[in-house]
$ cat final34.pdb   # PDB, C-alpha atoms
ATOM      1  CA  GLN A 277       8.595 -13.881  -5.187  1.00  0.00           C
ATOM      2  CA  LYS A 278      11.187 -13.685  -7.931  1.00  0.00           C
ATOM      3  CA  GLU A 279      13.693 -16.495  -8.086  1.00  0.00           C
ATOM      4  CA  VAL A 280      16.647 -14.114  -8.031  1.00  0.00           C
ATOM      5  CA  GLU A 281      16.140 -10.566  -6.772  1.00  0.00           C
ATOM      6  CA  GLN A 282      18.356  -7.545  -7.096  1.00  0.00           C
ATOM      7  CA  ASN A 283      17.775  -3.887  -6.408  1.00  0.00           C
ATOM      8  CA  SER A 284      17.608  -2.312  -9.854  1.00  0.00           C
ATOM      9  CA  GLY A 285      19.284   0.877  -8.700  1.00  0.00           C
ATOM     10  CA  PRO A 286      20.710   3.087  -9.896  1.00  0.00           C
ATOM     11  CA  LEU A 287      23.331   2.845  -7.197  1.00  0.00           C
ATOM     12  CA  SER A 288      25.693   5.812  -7.121  1.00  0.00           C
ATOM     13  CA  VAL A 289      29.058   5.492  -5.383  1.00  0.00           C
ATOM     14  CA  PRO A 290      31.887   8.030  -5.200  1.00  0.00           C
ATOM     15  CA  GLU A 291      35.125   7.093  -6.886  1.00  0.00           C
ATOM     16  CA  GLY A 292      37.446   5.309  -4.478  1.00  0.00           C
ATOM     17  CA  ALA A 293      34.650   4.114  -2.192  1.00  0.00           C
ATOM     18  CA  ILE A 294      33.323   0.593  -1.747  1.00  0.00           C
ATOM     19  CA  ALA A 295      30.354  -0.426  -3.878  1.00  0.00           C
ATOM     20  CA  SER A 296      28.125  -3.080  -2.337  1.00  0.00           C
ATOM     21  CA  LEU A 297      25.744  -5.059  -4.532  1.00  0.00           C
ATOM     22  CA  ASN A 298      23.256  -7.504  -3.095  1.00  0.00           C
ATOM     23  CA  CYS A 299      21.263 -10.431  -4.413  1.00  0.00           C
ATOM     24  CA  THR A 300      18.784 -12.799  -2.790  1.00  0.00           C
ATOM     25  CA  TYR A 301      17.499 -16.066  -4.163  1.00  0.00           C
ATOM     26  CA  SER A 302      14.472 -18.158  -3.362  1.00  0.00           C
ATOM     27  CA  ASP A 303      15.599 -21.738  -4.000  1.00  0.00           C
ATOM     28  CA  ARG A 304      17.420 -22.954  -0.896  1.00  0.00           C
ATOM     29  CA  GLY A 305      18.905 -25.829  -2.876  1.00  0.00           C
ATOM     30  CA  SER A 306      20.833 -23.545  -5.223  1.00  0.00           C
ATOM     31  CA  GLN A 307      24.398 -24.663  -5.715  1.00  0.00           C
ATOM     32  CA  SER A 308      26.454 -22.153  -7.666  1.00  0.00           C
ATOM     33  CA  PHE A 309      26.452 -18.383  -7.791  1.00  0.00           C
ATOM     34  CA  PHE A 310      27.871 -15.942 -10.282  1.00  0.00           C
ATOM     35  CA  TRP A 311      28.335 -12.233 -10.775  1.00  0.00           C
ATOM     36  CA  TYR A 312      28.430 -10.822 -14.281  1.00  0.00           C
ATOM     37  CA  ARG A 313      29.132  -7.265 -15.397  1.00  0.00           C
ATOM     38  CA  GLN A 314      27.351  -5.846 -18.422  1.00  0.00           C
ATOM     39  CA  TYR A 315      28.327  -2.574 -20.005  1.00  0.00           C
ATOM     40  CA  SER A 316      25.651  -0.745 -21.955  1.00  0.00           C
ATOM     41  CA  GLY A 317      25.254  -2.312 -25.382  1.00  0.00           C
ATOM     42  CA  LYS A 318      27.596  -5.195 -24.596  1.00  0.00           C
ATOM     43  CA  SER A 319      27.146  -8.792 -23.512  1.00  0.00           C
ATOM     44  CA  PRO A 320      27.677  -9.979 -19.915  1.00  0.00           C
ATOM     45  CA  GLU A 321      31.192 -10.672 -18.704  1.00  0.00           C
ATOM     46  CA  LEU A 322      31.919 -13.086 -15.854  1.00  0.00           C
ATOM     47  CA  ILE A 323      33.475 -11.442 -12.798  1.00  0.00           C
ATOM     48  CA  MET A 324      33.222 -13.990 -10.019  1.00  0.00           C
ATOM     49  CA  SER A 325      31.858 -17.385  -9.176  1.00  0.00           C
ATOM     50  CA  ILE A 326      31.291 -18.652  -5.644  1.00  0.00           C
ATOM     51  CA  TYR A 327      30.142 -22.026  -4.427  1.00  0.00           C
ATOM     52  CA  SER A 328      30.785 -22.142  -0.667  1.00  0.00           C
ATOM     53  CA  ASN A 329      29.699 -19.991   2.244  1.00  0.00           C
ATOM     54  CA  GLY A 330      32.053 -17.162   3.075  1.00  0.00           C
ATOM     55  CA  ASP A 331      34.117 -14.684   1.120  1.00  0.00           C
ATOM     56  CA  LYS A 332      36.011 -15.081  -2.118  1.00  0.00           C
ATOM     57  CA  GLU A 333      38.370 -12.333  -3.182  1.00  0.00           C
ATOM     58  CA  ASP A 334      39.744 -11.554  -6.629  1.00  0.00           C
ATOM     59  CA  GLY A 335      41.591  -8.264  -6.922  1.00  0.00           C
ATOM     60  CA  ARG A 336      39.236  -5.427  -6.046  1.00  0.00           C
ATOM     61  CA  PHE A 337      36.226  -7.747  -6.065  1.00  0.00           C
ATOM     62  CA  THR A 338      34.932  -9.816  -3.160  1.00  0.00           C
ATOM     63  CA  ALA A 339      31.965 -12.136  -3.434  1.00  0.00           C
ATOM     64  CA  GLN A 340      30.171 -13.135  -0.260  1.00  0.00           C
ATOM     65  CA  LEU A 341      27.789 -16.068   0.056  1.00  0.00           C
ATOM     66  CA  ASN A 342      25.450 -16.895   2.912  1.00  0.00           C
ATOM     67  CA  LYS A 343      23.354 -19.927   2.032  1.00  0.00           C
ATOM     68  CA  ALA A 344      21.454 -19.895   5.331  1.00  0.00           C
ATOM     69  CA  SER A 345      20.172 -16.398   4.595  1.00  0.00           C
ATOM     70  CA  GLN A 346      20.014 -17.054   0.854  1.00  0.00           C
ATOM     71  CA  TYR A 347      21.946 -14.040  -0.238  1.00  0.00           C
ATOM     72  CA  VAL A 348      25.050 -13.364  -2.227  1.00  0.00           C
ATOM     73  CA  SER A 349      26.799 -10.025  -2.485  1.00  0.00           C
ATOM     74  CA  LEU A 350      29.569  -8.395  -4.453  1.00  0.00           C
ATOM     75  CA  LEU A 351      31.875  -5.765  -3.015  1.00  0.00           C
ATOM     76  CA  ILE A 352      33.980  -3.579  -5.259  1.00  0.00           C
ATOM     77  CA  ARG A 353      36.813  -1.817  -3.447  1.00  0.00           C
ATOM     78  CA  ASP A 354      38.417   1.389  -4.672  1.00  0.00           C
ATOM     79  CA  SER A 355      35.607   1.914  -7.169  1.00  0.00           C
ATOM     80  CA  GLN A 356      36.642   3.333 -10.526  1.00  0.00           C
ATOM     81  CA  PRO A 357      34.530   5.084 -13.171  1.00  0.00           C
ATOM     82  CA  SER A 358      35.187   2.069 -15.397  1.00  0.00           C
ATOM     83  CA  ASP A 359      33.210  -0.037 -12.900  1.00  0.00           C
ATOM     84  CA  SER A 360      30.039   1.804 -13.948  1.00  0.00           C
ATOM     85  CA  ALA A 361      27.867  -0.921 -15.467  1.00  0.00           C
ATOM     86  CA  THR A 362      24.937  -3.199 -14.722  1.00  0.00           C
ATOM     87  CA  TYR A 363      25.830  -6.103 -12.453  1.00  0.00           C
ATOM     88  CA  LEU A 364      23.901  -9.337 -12.884  1.00  0.00           C
ATOM     89  CA  CYS A 365      23.570 -11.960 -10.200  1.00  0.00           C
ATOM     90  CA  ALA A 366      23.053 -15.495 -11.519  1.00  0.00           C
ATOM     91  CA  VAL A 367      22.212 -18.685  -9.676  1.00  0.00           C
ATOM     92  CA  ASN A 368      22.472 -22.304 -10.740  1.00  0.00           C
ATOM     93  CA  ARG A 369      19.674 -24.205  -9.116  1.00  0.00           C
ATOM     94  CA  VAL A 370      20.332 -27.755 -10.238  1.00  0.00           C
ATOM     95  CA  ARG A 371      23.762 -29.331 -10.045  1.00  0.00           C
ATOM     96  CA  GLY A 372      24.674 -30.843 -13.383  1.00  0.00           C
ATOM     97  CA  ASN A 373      22.278 -28.586 -15.264  1.00  0.00           C
ATOM     98  CA  GLU A 374      24.139 -25.551 -16.531  1.00  0.00           C
ATOM     99  CA  LYS A 375      21.056 -23.365 -16.805  1.00  0.00           C
ATOM    100  CA  LEU A 376      21.362 -20.152 -14.831  1.00  0.00           C
ATOM    101  CA  THR A 377      18.625 -17.972 -13.399  1.00  0.00           C
ATOM    102  CA  PHE A 378      19.498 -14.296 -13.665  1.00  0.00           C
ATOM    103  CA  GLY A 379      18.414 -11.338 -11.615  1.00  0.00           C
ATOM    104  CA  THR A 380      17.342  -8.204 -13.421  1.00  0.00           C
ATOM    105  CA  GLY A 381      20.609  -6.484 -12.532  1.00  0.00           C
ATOM    106  CA  THR A 382      21.740  -3.484 -10.513  1.00  0.00           C
ATOM    107  CA  ARG A 383      22.899  -0.421 -12.392  1.00  0.00           C
ATOM    108  CA  LEU A 384      26.016   0.996 -10.731  1.00  0.00           C
ATOM    109  CA  THR A 385      27.361   4.470 -11.395  1.00  0.00           C
ATOM    110  CA  ILE A 386      30.750   5.546 -10.020  1.00  0.00           C
ATOM    111  CA  ILE A 387      30.887   9.300  -9.582  1.00  0.00           C
ATOM    112  CA  PRO A 388      34.316  10.855 -10.260  1.00  0.00           C
TER     113      PRO A 388
ATOM    114  CA  GLY B  66      40.687 -18.919 -21.960  1.00  0.00           C
ATOM    115  CA  ALA B  67      36.926 -19.462 -22.244  1.00  0.00           C
ATOM    116  CA  VAL B  68      36.371 -17.365 -25.342  1.00  0.00           C
ATOM    117  CA  VAL B  69      33.062 -17.437 -27.163  1.00  0.00           C
ATOM    118  CA  SER B  70      32.558 -15.774 -30.523  1.00  0.00           C
ATOM    119  CA  GLN B  71      29.413 -14.829 -32.397  1.00  0.00           C
ATOM    120  CA  HIS B  72      28.910 -14.008 -36.029  1.00  0.00           C
ATOM    121  CA  PRO B  73      27.694 -11.685 -37.345  1.00  0.00           C
ATOM    122  CA  SER B  74      27.990  -8.935 -34.751  1.00  0.00           C
ATOM    123  CA  TRP B  75      25.129  -7.048 -36.342  1.00  0.00           C
ATOM    124  CA  VAL B  76      22.709  -7.653 -39.171  1.00  0.00           C
ATOM    125  CA  ILE B  77      20.021  -5.645 -40.908  1.00  0.00           C
ATOM    126  CA  CYS B  78      17.478  -7.543 -42.940  1.00  0.00           C
ATOM    127  CA  LYS B  79      14.133  -7.104 -44.612  1.00  0.00           C
ATOM    128  CA  SER B  80      10.956  -8.402 -43.050  1.00  0.00           C
ATOM    129  CA  GLY B  81      10.230 -11.980 -44.086  1.00  0.00           C
ATOM    130  CA  THR B  82      13.820 -13.070 -44.543  1.00  0.00           C
ATOM    131  CA  SER B  83      15.714 -15.564 -42.397  1.00  0.00           C
ATOM    132  CA  VAL B  84      18.839 -14.761 -40.447  1.00  0.00           C
ATOM    133  CA  LYS B  85      21.414 -17.234 -39.130  1.00  0.00           C
ATOM    134  CA  ILE B  86      23.615 -16.438 -36.153  1.00  0.00           C
ATOM    135  CA  GLU B  87      26.622 -18.579 -35.278  1.00  0.00           C
ATOM    136  CA  CYS B  88      28.033 -19.131 -31.801  1.00  0.00           C
ATOM    137  CA  ARG B  89      31.423 -20.768 -31.353  1.00  0.00           C
ATOM    138  CA  SER B  90      33.434 -21.738 -28.311  1.00  0.00           C
ATOM    139  CA  LEU B  91      37.006 -21.085 -29.399  1.00  0.00           C
ATOM    140  CA  ASP B  92      39.154 -22.715 -26.726  1.00  0.00           C
ATOM    141  CA  PHE B  93      36.911 -25.237 -25.003  1.00  0.00           C
ATOM    142  CA  GLN B  94      34.272 -27.790 -25.834  1.00  0.00           C
ATOM    143  CA  ALA B  95      30.782 -26.716 -24.912  1.00  0.00           C
ATOM    144  CA  THR B  96      28.408 -29.511 -24.082  1.00  0.00           C
ATOM    145  CA  THR B  97      25.701 -26.934 -23.579  1.00  0.00           C
ATOM    146  CA  MET B  98      25.046 -23.614 -25.238  1.00  0.00           C
ATOM    147  CA  PHE B  99      22.349 -21.107 -24.427  1.00  0.00           C
ATOM    148  CA  TRP B 100      20.591 -18.481 -26.491  1.00  0.00           C
ATOM    149  CA  TYR B 101      19.332 -15.283 -24.894  1.00  0.00           C
ATOM    150  CA  ARG B 102      17.527 -12.239 -26.160  1.00  0.00           C
ATOM    151  CA  GLN B 103      17.720  -8.803 -24.620  1.00  0.00           C
ATOM    152  CA  PHE B 104      15.567  -5.817 -25.494  1.00  0.00           C
ATOM    153  CA  PRO B 105      16.801  -2.295 -24.678  1.00  0.00           C
ATOM    154  CA  LYS B 106      16.970  -1.569 -20.956  1.00  0.00           C
ATOM    155  CA  GLN B 107      15.563  -5.005 -20.130  1.00  0.00           C
ATOM    156  CA  SER B 108      17.101  -8.048 -18.557  1.00  0.00           C
ATOM    157  CA  LEU B 109      18.398 -11.142 -20.290  1.00  0.00           C
ATOM    158  CA  MET B 110      15.718 -13.536 -21.407  1.00  0.00           C
ATOM    159  CA  LEU B 111      16.674 -17.155 -21.950  1.00  0.00           C
ATOM    160  CA  MET B 112      15.239 -18.465 -25.193  1.00  0.00           C
ATOM    161  CA  ALA B 113      16.565 -22.010 -25.336  1.00  0.00           C
ATOM    162  CA  THR B 114      19.149 -24.477 -24.140  1.00  0.00           C
ATOM    163  CA  SER B 115      21.099 -26.327 -26.778  1.00  0.00           C
ATOM    164  CA  ASN B 116      22.896 -29.624 -26.200  1.00  0.00           C
ATOM    165  CA  GLU B 117      25.274 -31.072 -28.749  1.00  0.00           C
ATOM    166  CA  GLY B 118      23.635 -33.720 -30.869  1.00  0.00           C
ATOM    167  CA  SER B 119      20.151 -33.354 -29.455  1.00  0.00           C
ATOM    168  CA  LYS B 120      17.122 -31.129 -29.858  1.00  0.00           C
ATOM    169  CA  ALA B 121      17.105 -27.781 -28.132  1.00  0.00           C
ATOM    170  CA  THR B 122      14.931 -27.142 -25.109  1.00  0.00           C
ATOM    171  CA  TYR B 123      12.896 -24.000 -25.547  1.00  0.00           C
ATOM    172  CA  GLU B 124      11.629 -21.743 -22.789  1.00  0.00           C
ATOM    173  CA  GLN B 125       7.936 -21.175 -22.428  1.00  0.00           C
ATOM    174  CA  GLY B 126       6.599 -18.737 -24.974  1.00  0.00           C
ATOM    175  CA  VAL B 127       9.485 -19.124 -27.429  1.00  0.00           C
ATOM    176  CA  GLU B 128       8.371 -20.467 -30.813  1.00  0.00           C
ATOM    177  CA  LYS B 129      10.650 -23.329 -31.764  1.00  0.00           C
ATOM    178  CA  ASP B 130       9.562 -23.216 -35.401  1.00  0.00           C
ATOM    179  CA  LYS B 131      10.535 -19.567 -35.610  1.00  0.00           C
ATOM    180  CA  PHE B 132      13.833 -19.781 -33.753  1.00  0.00           C
ATOM    181  CA  LEU B 133      15.631 -22.829 -35.115  1.00  0.00           C
ATOM    182  CA  ILE B 134      18.601 -23.996 -33.106  1.00  0.00           C
ATOM    183  CA  ASN B 135      21.212 -26.464 -34.258  1.00  0.00           C
ATOM    184  CA  HIS B 136      24.108 -27.643 -32.095  1.00  0.00           C
ATOM    185  CA  ALA B 137      26.054 -29.683 -34.601  1.00  0.00           C
ATOM    186  CA  SER B 138      29.339 -29.955 -32.741  1.00  0.00           C
ATOM    187  CA  LEU B 139      30.866 -29.312 -29.345  1.00  0.00           C
ATOM    188  CA  THR B 140      32.068 -25.910 -30.504  1.00  0.00           C
ATOM    189  CA  LEU B 141      29.258 -24.607 -32.705  1.00  0.00           C
ATOM    190  CA  SER B 142      25.613 -23.735 -32.234  1.00  0.00           C
ATOM    191  CA  THR B 143      23.473 -21.766 -34.653  1.00  0.00           C
ATOM    192  CA  LEU B 144      20.269 -19.801 -34.201  1.00  0.00           C
ATOM    193  CA  THR B 145      18.153 -19.118 -37.260  1.00  0.00           C
ATOM    194  CA  VAL B 146      15.424 -16.524 -36.997  1.00  0.00           C
ATOM    195  CA  THR B 147      12.974 -17.562 -39.687  1.00  0.00           C
ATOM    196  CA  SER B 148      10.658 -15.106 -41.430  1.00  0.00           C
ATOM    197  CA  ALA B 149      11.935 -12.271 -39.301  1.00  0.00           C
ATOM    198  CA  HIS B 150       9.637  -9.375 -38.435  1.00  0.00           C
ATOM    199  CA  PRO B 151      10.383  -5.973 -36.910  1.00  0.00           C
ATOM    200  CA  GLU B 152       9.367  -7.220 -33.461  1.00  0.00           C
ATOM    201  CA  ASP B 153      12.229  -9.734 -33.663  1.00  0.00           C
ATOM    202  CA  SER B 154      14.694  -6.862 -33.657  1.00  0.00           C
ATOM    203  CA  SER B 155      16.785  -7.366 -30.548  1.00  0.00           C
ATOM    204  CA  PHE B 156      20.198  -8.185 -29.126  1.00  0.00           C
ATOM    205  CA  TYR B 157      20.795 -11.933 -29.361  1.00  0.00           C
ATOM    206  CA  ILE B 158      23.478 -13.341 -27.096  1.00  0.00           C
ATOM    207  CA  CYS B 159      24.767 -16.872 -26.845  1.00  0.00           C
ATOM    208  CA  SER B 160      26.662 -18.433 -23.989  1.00  0.00           C
ATOM    209  CA  ALA B 161      28.574 -21.672 -23.673  1.00  0.00           C
ATOM    210  CA  SER B 162      29.270 -23.917 -20.740  1.00  0.00           C
ATOM    211  CA  PRO B 163      32.099 -26.460 -20.478  1.00  0.00           C
ATOM    212  CA  GLY B 164      29.776 -28.745 -18.548  1.00  0.00           C
ATOM    213  CA  ALA B 165      31.159 -31.662 -16.541  1.00  0.00           C
ATOM    214  CA  GLY B 166      29.763 -30.132 -13.366  1.00  0.00           C
ATOM    215  CA  ARG B 167      31.090 -26.641 -14.088  1.00  0.00           C
ATOM    216  CA  GLU B 168      28.039 -24.488 -14.529  1.00  0.00           C
ATOM    217  CA  THR B 169      29.851 -21.301 -15.496  1.00  0.00           C
ATOM    218  CA  GLN B 170      28.506 -19.718 -18.648  1.00  0.00           C
ATOM    219  CA  TYR B 171      30.751 -17.676 -20.904  1.00  0.00           C
ATOM    220  CA  PHE B 172      28.995 -15.206 -23.127  1.00  0.00           C
ATOM    221  CA  GLY B 173      29.609 -14.310 -26.730  1.00  0.00           C
ATOM    222  CA  PRO B 174      29.728 -10.645 -27.745  1.00  0.00           C
ATOM    223  CA  GLY B 175      26.161 -10.693 -29.032  1.00  0.00           C
ATOM    224  CA  THR B 176      24.460 -10.080 -32.365  1.00  0.00           C
ATOM    225  CA  ARG B 177      22.336  -7.023 -32.892  1.00  0.00           C
ATOM    226  CA  LEU B 178      19.469  -7.744 -35.289  1.00  0.00           C
ATOM    227  CA  LEU B 179      17.416  -5.042 -36.960  1.00  0.00           C
ATOM    228  CA  VAL B 180      14.487  -6.129 -39.096  1.00  0.00           C
ATOM    229  CA  LEU B 181      13.120  -3.445 -41.392  1.00  0.00           C
TER     230      LEU B 181
END
$ encode --input "final34.pdb" --output "structure tokens"
Amino acid sequence: QKEVEQNSGPLSVPEGAIASLNCTYSDRGSQSFFWYRQYSGKSPELIMSIYSNGDKEDGRFTAQLNKASQYVSLLIRDSQPSDSATYLCAVNRVRGNEKLTFGTGTRLTIIP
Amino acid sequence: GAVVSQHPSWVICKSGTSVKIECRSLDFQATTMFWYRQFPKQSLMLMATSNEGSKATYEQGVEKDKFLINHASLTLSTLTVTSAHPEDSSFYICSASPGAGRETQYFGPGTRLLVL
């Protein structure tokens, strides 16, 4: 089992709809969770961080964390073509150690 | 805030030469910096973790004598690819973390290396 798993996609969503990206992790002791966006040919860009169970909203983005089920998700409301990118889920497994374990990413395409 | 720069953004070199890539945290002090490599259409691969003032910790399978890492200050880490070969051609990305219990990593824009 991979430490951090994501569906590689591609995930196609119509413009204006909600895009839902999911991530599961294997280490139950994981502490911190991050979503990064990576455009083709560019480096990753931090979108959201979440540390506690529940939802965290930032503009059109909502991160959801369920530690009991070991999954974290990212919802993108009112999807725009500019949201088309690869979304990376990252997990910090050891508090105080900044090393992150990344999933392989989900490629999202917003269809105009 | 949380800006990380890399220099150069791209480099072309001949096989056998060495290439140095700089990573700087511009508006925060980074106790820890990370070096990643990414081949086309593949995921990020962590190469090493760099802590200021101490030796880097390399991931399994990464040759520490080939990829020299120096973290001389809280705002600067360098990666030197020694005796580069065409198979070292890749996208090298650094990230920096403020530390102090905040595990967020902020990525630099990356350096594209092409070895001829």
$ resolve_selection --input "final34.pdb" --expression "the PyMOL selection byres ((chain A) within 12 of (chain B))" --output "count of residues only"
46
$ resolve_selection --input "final34.pdb" --expression "the PyMOL selection byres ((chain A and resi 335-347) around 10)" --output "PyMOL selection string"
chain A and resi 280-281+294-311+323-334+348-355
$ write_last_selection --input "final34.pdb" --atoms "C-alpha atoms" --output "mmCIF file, in the coordinates of the input"
data_model
loop_
_atom_site.group_PDB
_atom_site.id
_atom_site.type_symbol
_atom_site.label_atom_id
_atom_site.label_comp_id
_atom_site.auth_asym_id
_atom_site.auth_seq_id
_atom_site.Cartn_x
_atom_site.Cartn_y
_atom_site.Cartn_z
ATOM 1 C CA VAL A 280 16.647 -14.114 -8.031
ATOM 2 C CA GLU A 281 16.140 -10.566 -6.772
ATOM 3 C CA ILE A 294 33.323 0.593 -1.747
ATOM 4 C CA ALA A 295 30.354 -0.426 -3.878
ATOM 5 C CA SER A 296 28.125 -3.080 -2.337
ATOM 6 C CA LEU A 297 25.744 -5.059 -4.532
ATOM 7 C CA ASN A 298 23.256 -7.504 -3.095
ATOM 8 C CA CYS A 299 21.263 -10.431 -4.413
ATOM 9 C CA THR A 300 18.784 -12.799 -2.790
ATOM 10 C CA TYR A 301 17.499 -16.066 -4.163
ATOM 11 C CA SER A 302 14.472 -18.158 -3.362
ATOM 12 C CA ASP A 303 15.599 -21.738 -4.000
ATOM 13 C CA ARG A 304 17.420 -22.954 -0.896
ATOM 14 C CA GLY A 305 18.905 -25.829 -2.876
ATOM 15 C CA SER A 306 20.833 -23.545 -5.223
ATOM 16 C CA GLN A 307 24.398 -24.663 -5.715
ATOM 17 C CA SER A 308 26.454 -22.153 -7.666
ATOM 18 C CA PHE A 309 26.452 -18.383 -7.791
ATOM 19 C CA PHE A 310 27.871 -15.942 -10.282
ATOM 20 C CA TRP A 311 28.335 -12.233 -10.775
ATOM 21 C CA ILE A 323 33.475 -11.442 -12.798
ATOM 22 C CA MET A 324 33.222 -13.990 -10.019
ATOM 23 C CA SER A 325 31.858 -17.385 -9.176
ATOM 24 C CA ILE A 326 31.291 -18.652 -5.644
ATOM 25 C CA TYR A 327 30.142 -22.026 -4.427
ATOM 26 C CA SER A 328 30.785 -22.142 -0.667
ATOM 27 C CA ASN A 329 29.699 -19.991 2.244
ATOM 28 C CA GLY A 330 32.053 -17.162 3.075
ATOM 29 C CA ASP A 331 34.117 -14.684 1.120
ATOM 30 C CA LYS A 332 36.011 -15.081 -2.118
ATOM 31 C CA GLU A 333 38.370 -12.333 -3.182
ATOM 32 C CA ASP A 334 39.744 -11.554 -6.629
ATOM 33 C CA VAL A 348 25.050 -13.364 -2.227
ATOM 34 C CA SER A 349 26.799 -10.025 -2.485
ATOM 35 C CA LEU A 350 29.569 -8.395 -4.453
ATOM 36 C CA LEU A 351 31.875 -5.765 -3.015
ATOM 37 C CA ILE A 352 33.980 -3.579 -5.259
ATOM 38 C CA ARG A 353 36.813 -1.817 -3.447
ATOM 39 C CA ASP A 354 38.417 1.389 -4.672
ATOM 40 C CA SER A 355 35.607 1.914 -7.169
#
$ atom_distance --input "final34.pdb" --atom1 "atom CA of Leu91 of chain B" --atom2 "atom CA of Thr145 of chain B"
20.5 Å
$ atom_distance --input "final34.pdb" --atom1 "atom CA of Lys120 of chain B" --atom2 "atom CA of Thr140 of chain B"
15.8 Å
$ closest_residue --input "final34.pdb" --among "B:Ser148, B:Trp100, B:Ser155, B:Ser115" --to "Lys79 of chain B" --atoms "only C-alpha atoms"
B:Ser148
$ atom_distance --input "final34.pdb" --atom1 "atom CA of Val76 of chain B" --atom2 "atom CA of His150 of chain B"
13.2 Å
$ closest_residue --input "final34.pdb" --among "A:Gln356, A:Glu291, A:Ala361, A:Asn283" --to "Leu384 of chain A" --atoms "all atoms listed in the file"
A:Ala361
$ axis_aligned_box --input "final34.pdb" --around "segment 306-322 of chain A" --padding-each-side "8 Å" --output "lines of an AutoDock Vina configuration file"
center_x = 26.4
center_y = -12.7
center_z = -15.3
size_x = 27.1
size_y = 39.9
size_z = 36.2
$ residues_around --input "final34.pdb" --residues "Ser288 of chain A" --least-positions-apart "6" --cutoff "8 Å" --atoms "only C-alpha atoms" --output "list in words"
Leu384, Thr385, Ile386 and Ile387 of chain A
$ residues_near_point --input "final34.pdb" --point "(12.8, -16.3, -42.3)" --cutoff "6 Å" --atoms "only C-alpha atoms" --output "list in words"
Gly81, Thr82, Ser83, Val146, Thr147, Ser148 and Ala149 of chain B
